[in-house]
Amino acid sequence: MLCCHQMTESEKQEVCSWNYEGEYAVYNLPDYKTMQEKQMGFCNPKRDKNFFSYYDGEVLIGFTNLLEEESSVFVGIGVSPNLCSKGYGQQILSLVKECSFRLYPGKPLYLEVRCWNRRAVACYERAGFAIEGQPFRQTTSMGKGSFYRMVCQAE
């Protein structure tokens with residue numbers, strides 16, 4: 001059973017050290033100092049309360065960003081590179097859904113995933129998300145790409 005809590009500074013540092021290989025290297029974050037200086041992602045003091053860390057025992061397996069918007073809730077997810085494809089993404093998203101639907105009743109969850117990332121798309125589909133609409137192009141802090149919007153309706 002996974003447990004979670006609000007992300008700590010030491011966990012942010014650890015996540016910044018994660019190293020994805022091959023095509024997944026696009027998900028490598030800048031070093032912690034750069035993240036802090038540029039107030040990126042979980043190092044933005046205005047957004048850090050939205051980030052949660054997930055553990056299996058003593059092992060940090062991933063993190064999420066949960067951001068309420070006007071009519072929906074955005075979720076971002078990251079899993080440790082050496083723990084991908086082990087079912088943790090689905091477990092994390094199960095907890096996220098439970099929390100989000102309790103905190104934000106009636107609001108669907110959505111996420112955005114690069115179209116080429118079939119591994120993540122399959123994980124999200126197994127967790128109850130479905131592709132909505134056509135792929136779209138966008139530029140993120142991790143570069144340009146084509147993305148799917150995937151939605152999970154509120155329960």
# chains A, B, ... in the order shown; residues from 1 in each chain; ligands from 1

call {"tool": "residues_around", "arguments": {"residues": "A:Phe136", "least_positions_apart": "3", "cutoff": "12 Å", "atoms": "only C-alpha atoms", "output": "CSV table (one decimal) with all heavy atoms, in the first residue's frame"}}
result
chain,number,residue,atom,x,y,z
A,112,GLU,N,-2.0,15.7,-19.5
A,112,GLU,CA,-1.5,15.8,-20.8
A,112,GLU,C,-0.2,15.0,-20.9
A,112,GLU,O,0.6,15.0,-20.1
A,112,GLU,CB,-1.1,17.3,-21.1
A,112,GLU,CG,-2.4,18.2,-21.1
A,112,GLU,CD,-2.1,19.7,-21.1
A,112,GLU,OE1,-1.0,20.1,-20.9
A,112,GLU,OE2,-3.1,20.4,-21.3
A,113,VAL,N,-0.2,14.2,-22.0
A,113,VAL,CA,0.9,13.2,-22.2
A,113,VAL,C,1.4,13.3,-23.7
A,113,VAL,O,0.6,13.5,-24.6
A,113,VAL,CB,0.5,11.8,-21.8
A,113,VAL,CG1,-0.7,11.4,-22.6
A,113,VAL,CG2,1.6,10.8,-21.9
A,114,ARG,N,2.7,13.2,-23.8
A,114,ARG,CA,3.3,13.2,-25.2
A,114,ARG,C,2.7,12.0,-25.9
A,114,ARG,O,2.7,10.9,-25.4
A,114,ARG,CB,4.8,13.2,-25.1
A,114,ARG,CG,5.4,14.5,-24.5
A,114,ARG,CD,6.9,14.4,-24.4
A,114,ARG,NE,7.4,15.6,-23.8
A,114,ARG,CZ,7.6,16.7,-24.4
A,114,ARG,NH1,7.5,16.8,-25.7
A,114,ARG,NH2,8.1,17.8,-23.7
A,115,CYS,N,2.3,12.2,-27.2
A,115,CYS,CA,1.7,11.2,-28.0
A,115,CYS,C,2.6,10.0,-28.2
A,115,CYS,O,2.1,8.9,-28.2
A,115,CYS,CB,1.3,11.8,-29.4
A,115,CYS,SG,0.0,13.0,-29.3
A,131,ILE,N,-8.4,9.3,-23.9
A,131,ILE,CA,-8.0,10.4,-24.7
A,131,ILE,C,-9.2,11.2,-25.1
A,131,ILE,O,-10.3,10.6,-25.5
A,131,ILE,CB,-7.3,9.8,-26.0
A,131,ILE,CG1,-5.9,9.2,-25.6
A,131,ILE,CG2,-7.0,10.9,-27.0
A,131,ILE,CD1,-5.2,8.4,-26.7
A,132,GLU,N,-9.1,12.5,-25.0
A,132,GLU,CA,-10.2,13.4,-25.4
A,132,GLU,C,-9.7,14.3,-26.6
A,132,GLU,O,-8.7,15.0,-26.4
A,132,GLU,CB,-10.6,14.3,-24.2
A,132,GLU,CG,-11.7,15.2,-24.5
A,132,GLU,CD,-12.0,16.1,-23.3
A,132,GLU,OE1,-11.3,17.1,-23.0
A,132,GLU,OE2,-12.9,15.7,-22.5
A,133,GLY,N,-10.4,14.2,-27.7
A,133,GLY,CA,-10.1,15.1,-28.8
A,133,GLY,C,-8.9,14.7,-29.6
A,133,GLY,O,-8.4,13.5,-29.4
A,139,THR,N,4.4,23.9,-26.2
A,139,THR,CA,5.7,24.0,-25.7
A,139,THR,C,5.7,24.0,-24.2
A,139,THR,O,4.9,24.8,-23.6
A,139,THR,CB,6.4,25.3,-26.2
A,139,THR,OG1,6.4,25.3,-27.6
A,139,THR,CG2,7.8,25.4,-25.7
A,144,LYS,N,9.1,21.3,-27.0
A,144,LYS,CA,7.9,21.2,-27.8
A,144,LYS,C,7.5,19.8,-28.0
A,144,LYS,O,8.3,18.9,-28.0
A,144,LYS,CB,8.2,21.8,-29.2
A,144,LYS,CG,8.5,23.3,-29.1
A,144,LYS,CD,8.8,23.9,-30.5
A,144,LYS,CE,9.1,25.3,-30.4
A,144,LYS,NZ,9.4,25.9,-31.7
A,145,GLY,N,6.2,19.6,-28.3
A,145,GLY,CA,5.8,18.2,-28.6
A,145,GLY,C,4.3,18.2,-29.0
A,145,GLY,O,3.6,19.2,-28.8
A,146,SER,N,3.9,17.0,-29.4
A,146,SER,CA,2.5,16.7,-29.6
A,146,SER,C,1.9,15.9,-28.4
A,146,SER,O,2.6,15.0,-28.0
A,146,SER,CB,2.3,15.9,-30.9
A,146,SER,OG,2.6,16.6,-32.0
A,147,PHE,N,0.8,16.4,-27.9
A,147,PHE,CA,0.2,15.8,-26.7
A,147,PHE,C,-1.2,15.3,-26.9
A,147,PHE,O,-1.9,15.9,-27.7
A,147,PHE,CB,0.2,16.9,-25.6
A,147,PHE,CG,1.6,17.3,-25.1
A,147,PHE,CD1,2.4,18.1,-25.9
A,147,PHE,CD2,2.1,16.8,-23.9
A,147,PHE,CE1,3.7,18.5,-25.4
A,147,PHE,CE2,3.3,17.2,-23.5
A,147,PHE,CZ,4.1,18.0,-24.2
A,148,TYR,N,-1.6,14.4,-26.1
A,148,TYR,CA,-2.9,14.0,-25.9
A,148,TYR,C,-3.4,14.6,-24.6
A,148,TYR,O,-2.7,14.7,-23.6
A,148,TYR,CB,-3.1,12.5,-25.7
A,148,TYR,CG,-2.9,11.7,-27.0
A,148,TYR,CD1,-1.9,10.6,-26.9
A,148,TYR,CD2,-3.6,11.9,-28.1
A,148,TYR,CE1,-1.7,9.8,-28.0
A,148,TYR,CE2,-3.4,11.1,-29.2
A,148,TYR,CZ,-2.4,10.1,-29.2
A,148,TYR,OH,-2.2,9.3,-30.3
A,149,ARG,N,-4.7,15.0,-24.6
A,149,ARG,CA,-5.4,15.3,-23.3
A,149,ARG,C,-6.1,14.1,-22.9
A,149,ARG,O,-6.9,13.6,-23.8
A,149,ARG,CB,-6.3,16.5,-23.5
A,149,ARG,CG,-7.1,16.9,-22.3
A,149,ARG,CD,-8.1,18.0,-22.6
A,149,ARG,NE,-9.0,18.2,-21.5
A,149,ARG,CZ,-9.0,19.2,-20.6
A,149,ARG,NH1,-8.0,20.1,-20.7
A,149,ARG,NH2,-9.9,19.3,-19.7
A,150,MET,N,-5.9,13.6,-21.7
A,150,MET,CA,-6.6,12.4,-21.2
A,150,MET,C,-7.5,12.8,-20.0
A,150,MET,O,-7.0,13.6,-19.1
A,150,MET,CB,-5.6,11.3,-20.9
A,150,MET,CG,-4.9,10.9,-22.1
A,150,MET,SD,-3.8,9.4,-21.8
A,150,MET,CE,-5.0,8.1,-21.7

call {"tool": "residues_around", "arguments": {"residues": "A:Pro108", "least_positions_apart": "3", "cutoff": "9 Å", "atoms": "only C-alpha atoms", "output": "MDAnalysis selection string"}}
result
chainID A and resid 71:74 100:101 104:105 151:155

call {"tool": "select_by_dssp", "arguments": {"residues": "stretch 25-104 of chain A", "states": "strand (DSSP E or B)", "output": "ChimeraX atom specification"}}
result
/A:51-56,59-68,73-79

call {"tool": "atom_distance", "arguments": {"atom1": "atom CA of A:Leu93", "atom2": "atom CA of A:His5"}}
result
14.3 Å

call {"tool": "atom_distance", "arguments": {"atom1": "atom CA of A:Gln134", "atom2": "atom CA of A:Leu109"}}
result
17.6 Å

call {"tool": "closest_atom_pairs", "arguments": {"of": "stretch 52-119 of chain A", "to": "stretch 20-23 of chain A", "cutoff": "10 Å", "atoms": "only C-alpha atoms", "output": "CSV"}}
result
residue,atom,partner,partner_atom,distance
A:Ser80,CA,A:Tyr20,CA,8.4
A:Pro81,CA,A:Tyr20,CA,5.5
A:Asn82,CA,A:Tyr20,CA,8.3
A:Cys84,CA,A:Tyr20,CA,9.9
A:Trp116,CA,A:Glu23,CA,9.3
A:Asn117,CA,A:Glu23,CA,8.9

call {"tool": "decode", "arguments": {"residues": "stretch 41-55 of chain A", "atoms": "all heavy atoms", "output": "PDB file, in the first residue's frame"}}
result
ATOM      1  N   GLY A  41       8.129  24.498 -11.550  1.00  0.00           N
ATOM      2  CA  GLY A  41       7.393  23.354 -11.021  1.00  0.00           C
ATOM      3  C   GLY A  41       7.268  23.358  -9.518  1.00  0.00           C
ATOM      4  O   GLY A  41       6.803  24.325  -8.919  1.00  0.00           O
ATOM      5  N   PHE A  42       7.722  22.284  -8.883  1.00  0.00           N
ATOM      6  CA  PHE A  42       7.575  22.162  -7.428  1.00  0.00           C
ATOM      7  C   PHE A  42       8.480  23.102  -6.654  1.00  0.00           C
ATOM      8  O   PHE A  42       8.385  23.178  -5.437  1.00  0.00           O
ATOM      9  CB  PHE A  42       7.755  20.710  -6.952  1.00  0.00           C
ATOM     10  CG  PHE A  42       8.952  19.987  -7.494  1.00  0.00           C
ATOM     11  CD1 PHE A  42      10.236  20.378  -7.210  1.00  0.00           C
ATOM     12  CD2 PHE A  42       8.760  18.869  -8.295  1.00  0.00           C
ATOM     13  CE1 PHE A  42      11.335  19.684  -7.696  1.00  0.00           C
ATOM     14  CE2 PHE A  42       9.851  18.161  -8.789  1.00  0.00           C
ATOM     15  CZ  PHE A  42      11.131  18.569  -8.487  1.00  0.00           C
ATOM     16  N   CYS A  43       9.341  23.846  -7.331  1.00  0.00           N
ATOM     17  CA  CYS A  43      10.172  24.855  -6.664  1.00  0.00           C
ATOM     18  C   CYS A  43       9.571  26.247  -6.763  1.00  0.00           C
ATOM     19  O   CYS A  43      10.203  27.227  -6.386  1.00  0.00           O
ATOM     20  CB  CYS A  43      11.591  24.831  -7.235  1.00  0.00           C
ATOM     21  SG  CYS A  43      12.521  23.361  -6.719  1.00  0.00           S
ATOM     22  N   ASN A  44       8.361  26.339  -7.255  1.00  0.00           N
ATOM     23  CA  ASN A  44       7.638  27.609  -7.286  1.00  0.00           C
ATOM     24  C   ASN A  44       6.864  27.716  -5.974  1.00  0.00           C
ATOM     25  O   ASN A  44       5.954  26.927  -5.725  1.00  0.00           O
ATOM     26  CB  ASN A  44       6.674  27.636  -8.482  1.00  0.00           C
ATOM     27  CG  ASN A  44       5.897  28.933  -8.574  1.00  0.00           C
ATOM     28  OD1 ASN A  44       5.734  29.644  -7.582  1.00  0.00           O
ATOM     29  ND2 ASN A  44       5.415  29.230  -9.751  1.00  0.00           N
ATOM     30  N   PRO A  45       7.231  28.669  -5.112  1.00  0.00           N
ATOM     31  CA  PRO A  45       6.582  28.754  -3.797  1.00  0.00           C
ATOM     32  C   PRO A  45       5.071  28.942  -3.881  1.00  0.00           C
ATOM     33  O   PRO A  45       4.350  28.583  -2.958  1.00  0.00           O
ATOM     34  CB  PRO A  45       7.237  29.965  -3.131  1.00  0.00           C
ATOM     35  CG  PRO A  45       8.271  30.471  -4.047  1.00  0.00           C
ATOM     36  CD  PRO A  45       8.249  29.686  -5.311  1.00  0.00           C
ATOM     37  N   LYS A  46       4.565  29.470  -4.990  1.00  0.00           N
ATOM     38  CA  LYS A  46       3.122  29.659  -5.143  1.00  0.00           C
ATOM     39  C   LYS A  46       2.408  28.351  -5.470  1.00  0.00           C
ATOM     40  O   LYS A  46       1.189  28.267  -5.373  1.00  0.00           O
ATOM     41  CB  LYS A  46       2.832  30.684  -6.248  1.00  0.00           C
ATOM     42  CG  LYS A  46       3.311  32.075  -5.919  1.00  0.00           C
ATOM     43  CD  LYS A  46       3.065  33.021  -7.064  1.00  0.00           C
ATOM     44  CE  LYS A  46       3.648  34.393  -6.743  1.00  0.00           C
ATOM     45  NZ  LYS A  46       3.601  35.299  -7.887  1.00  0.00           N
ATOM     46  N   ARG A  47       3.168  27.331  -5.888  1.00  0.00           N
ATOM     47  CA  ARG A  47       2.547  26.074  -6.312  1.00  0.00           C
ATOM     48  C   ARG A  47       3.012  24.863  -5.515  1.00  0.00           C
ATOM     49  O   ARG A  47       2.503  23.774  -5.728  1.00  0.00           O
ATOM     50  CB  ARG A  47       2.842  25.841  -7.794  1.00  0.00           C
ATOM     51  CG  ARG A  47       2.216  26.900  -8.685  1.00  0.00           C
ATOM     52  CD  ARG A  47       2.386  26.625 -10.160  1.00  0.00           C
ATOM     53  NE  ARG A  47       1.900  25.305 -10.492  1.00  0.00           N
ATOM     54  CZ  ARG A  47       2.494  24.500 -11.367  1.00  0.00           C
ATOM     55  NH1 ARG A  47       3.575  24.884 -11.993  1.00  0.00           N
ATOM     56  NH2 ARG A  47       2.004  23.322 -11.630  1.00  0.00           N
ATOM     57  N   ASP A  48       3.964  25.031  -4.611  1.00  0.00           N
ATOM     58  CA  ASP A  48       4.538  23.850  -3.959  1.00  0.00           C
ATOM     59  C   ASP A  48       3.534  23.058  -3.129  1.00  0.00           C
ATOM     60  O   ASP A  48       3.694  21.870  -2.929  1.00  0.00           O
ATOM     61  CB  ASP A  48       5.798  24.187  -3.169  1.00  0.00           C
ATOM     62  CG  ASP A  48       5.566  25.074  -1.966  1.00  0.00           C
ATOM     63  OD1 ASP A  48       4.441  25.579  -1.796  1.00  0.00           O
ATOM     64  OD2 ASP A  48       6.511  25.259  -1.202  1.00  0.00           O
ATOM     65  N   LYS A  49       2.443  23.691  -2.680  1.00  0.00           N
ATOM     66  CA  LYS A  49       1.439  22.974  -1.895  1.00  0.00           C
ATOM     67  C   LYS A  49       0.658  21.968  -2.747  1.00  0.00           C
ATOM     68  O   LYS A  49      -0.040  21.109  -2.214  1.00  0.00           O
ATOM     69  CB  LYS A  49       0.481  23.952  -1.226  1.00  0.00           C
ATOM     70  CG  LYS A  49      -0.471  24.640  -2.183  1.00  0.00           C
ATOM     71  CD  LYS A  49      -1.379  25.633  -1.469  1.00  0.00           C
ATOM     72  CE  LYS A  49      -2.413  26.286  -2.320  1.00  0.00           C
ATOM     73  NZ  LYS A  49      -2.091  26.656  -3.654  1.00  0.00           N
ATOM     74  N   ASN A  50       0.786  22.045  -4.071  1.00  0.00           N
ATOM     75  CA  ASN A  50       0.077  21.145  -4.986  1.00  0.00           C
ATOM     76  C   ASN A  50       0.829  19.844  -5.231  1.00  0.00           C
ATOM     77  O   ASN A  50       0.315  18.964  -5.916  1.00  0.00           O
ATOM     78  CB  ASN A  50      -0.150  21.817  -6.341  1.00  0.00           C
ATOM     79  CG  ASN A  50      -0.947  23.092  -6.232  1.00  0.00           C
ATOM     80  OD1 ASN A  50      -1.729  23.268  -5.319  1.00  0.00           O
ATOM     81  ND2 ASN A  50      -0.737  23.993  -7.162  1.00  0.00           N
ATOM     82  N   PHE A  51       2.043  19.721  -4.727  1.00  0.00           N
ATOM     83  CA  PHE A  51       2.887  18.571  -5.044  1.00  0.00           C
ATOM     84  C   PHE A  51       2.947  17.580  -3.880  1.00  0.00           C
ATOM     85  O   PHE A  51       3.131  17.976  -2.728  1.00  0.00           O
ATOM     86  CB  PHE A  51       4.308  19.035  -5.411  1.00  0.00           C
ATOM     87  CG  PHE A  51       4.356  19.684  -6.762  1.00  0.00           C
ATOM     88  CD1 PHE A  51       4.087  21.031  -6.907  1.00  0.00           C
ATOM     89  CD2 PHE A  51       4.649  18.937  -7.893  1.00  0.00           C
ATOM     90  CE1 PHE A  51       4.112  21.633  -8.161  1.00  0.00           C
ATOM     91  CE2 PHE A  51       4.682  19.528  -9.150  1.00  0.00           C
ATOM     92  CZ  PHE A  51       4.410  20.876  -9.285  1.00  0.00           C
ATOM     93  N   PHE A  52       2.810  16.303  -4.226  1.00  0.00           N
ATOM     94  CA  PHE A  52       2.794  15.226  -3.247  1.00  0.00           C
ATOM     95  C   PHE A  52       3.781  14.139  -3.650  1.00  0.00           C
ATOM     96  O   PHE A  52       3.965  13.862  -4.834  1.00  0.00           O
ATOM     97  CB  PHE A  52       1.383  14.630  -3.131  1.00  0.00           C
ATOM     98  CG  PHE A  52       0.377  15.638  -2.649  1.00  0.00           C
ATOM     99  CD1 PHE A  52      -0.288  16.455  -3.546  1.00  0.00           C
ATOM    100  CD2 PHE A  52       0.139  15.793  -1.299  1.00  0.00           C
ATOM    101  CE1 PHE A  52      -1.199  17.409  -3.105  1.00  0.00           C
ATOM    102  CE2 PHE A  52      -0.769  16.750  -0.844  1.00  0.00           C
ATOM    103  CZ  PHE A  52      -1.436  17.557  -1.755  1.00  0.00           C
ATOM    104  N   SER A  53       4.393  13.522  -2.653  1.00  0.00           N
ATOM    105  CA  SER A  53       5.343  12.420  -2.850  1.00  0.00           C
ATOM    106  C   SER A  53       4.671  11.109  -2.453  1.00  0.00           C
ATOM    107  O   SER A  53       3.870  11.077  -1.522  1.00  0.00           O
ATOM    108  CB  SER A  53       6.572  12.615  -1.976  1.00  0.00           C
ATOM    109  OG  SER A  53       7.229  13.803  -2.320  1.00  0.00           O
ATOM    110  N   TYR A  54       5.058  10.038  -3.143  1.00  0.00           N
ATOM    111  CA  TYR A  54       4.470   8.716  -2.911  1.00  0.00           C
ATOM    112  C   TYR A  54       5.568   7.719  -2.578  1.00  0.00           C
ATOM    113  O   TYR A  54       6.597   7.685  -3.253  1.00  0.00           O
ATOM    114  CB  TYR A  54       3.686   8.251  -4.150  1.00  0.00           C
ATOM    115  CG  TYR A  54       2.518   9.158  -4.416  1.00  0.00           C
ATOM    116  CD1 TYR A  54       2.705  10.372  -5.060  1.00  0.00           C
ATOM    117  CD2 TYR A  54       1.239   8.832  -3.976  1.00  0.00           C
ATOM    118  CE1 TYR A  54       1.643  11.237  -5.274  1.00  0.00           C
ATOM    119  CE2 TYR A  54       0.176   9.693  -4.188  1.00  0.00           C
ATOM    120  CZ  TYR A  54       0.386  10.892  -4.835  1.00  0.00           C
ATOM    121  OH  TYR A  54      -0.661  11.755  -5.038  1.00  0.00           O
ATOM    122  N   TYR A  55       5.315   6.933  -1.556  1.00  0.00           N
ATOM    123  CA  TYR A  55       6.282   5.961  -1.058  1.00  0.00           C
ATOM    124  C   TYR A  55       5.697   4.562  -1.044  1.00  0.00           C
ATOM    125  O   TYR A  55       4.512   4.373  -0.756  1.00  0.00           O
ATOM    126  CB  TYR A  55       6.695   6.308   0.379  1.00  0.00           C
ATOM    127  CG  TYR A  55       7.740   7.374   0.450  1.00  0.00           C
ATOM    128  CD1 TYR A  55       7.401   8.714   0.368  1.00  0.00           C
ATOM    129  CD2 TYR A  55       9.086   7.039   0.592  1.00  0.00           C
ATOM    130  CE1 TYR A  55       8.372   9.693   0.424  1.00  0.00           C
ATOM    131  CE2 TYR A  55      10.054   8.022   0.650  1.00  0.00           C
ATOM    132  CZ  TYR A  55       9.698   9.348   0.563  1.00  0.00           C
ATOM    133  OH  TYR A  55      10.660  10.315   0.613  1.00  0.00           O
TER     134      TYR A  55
END
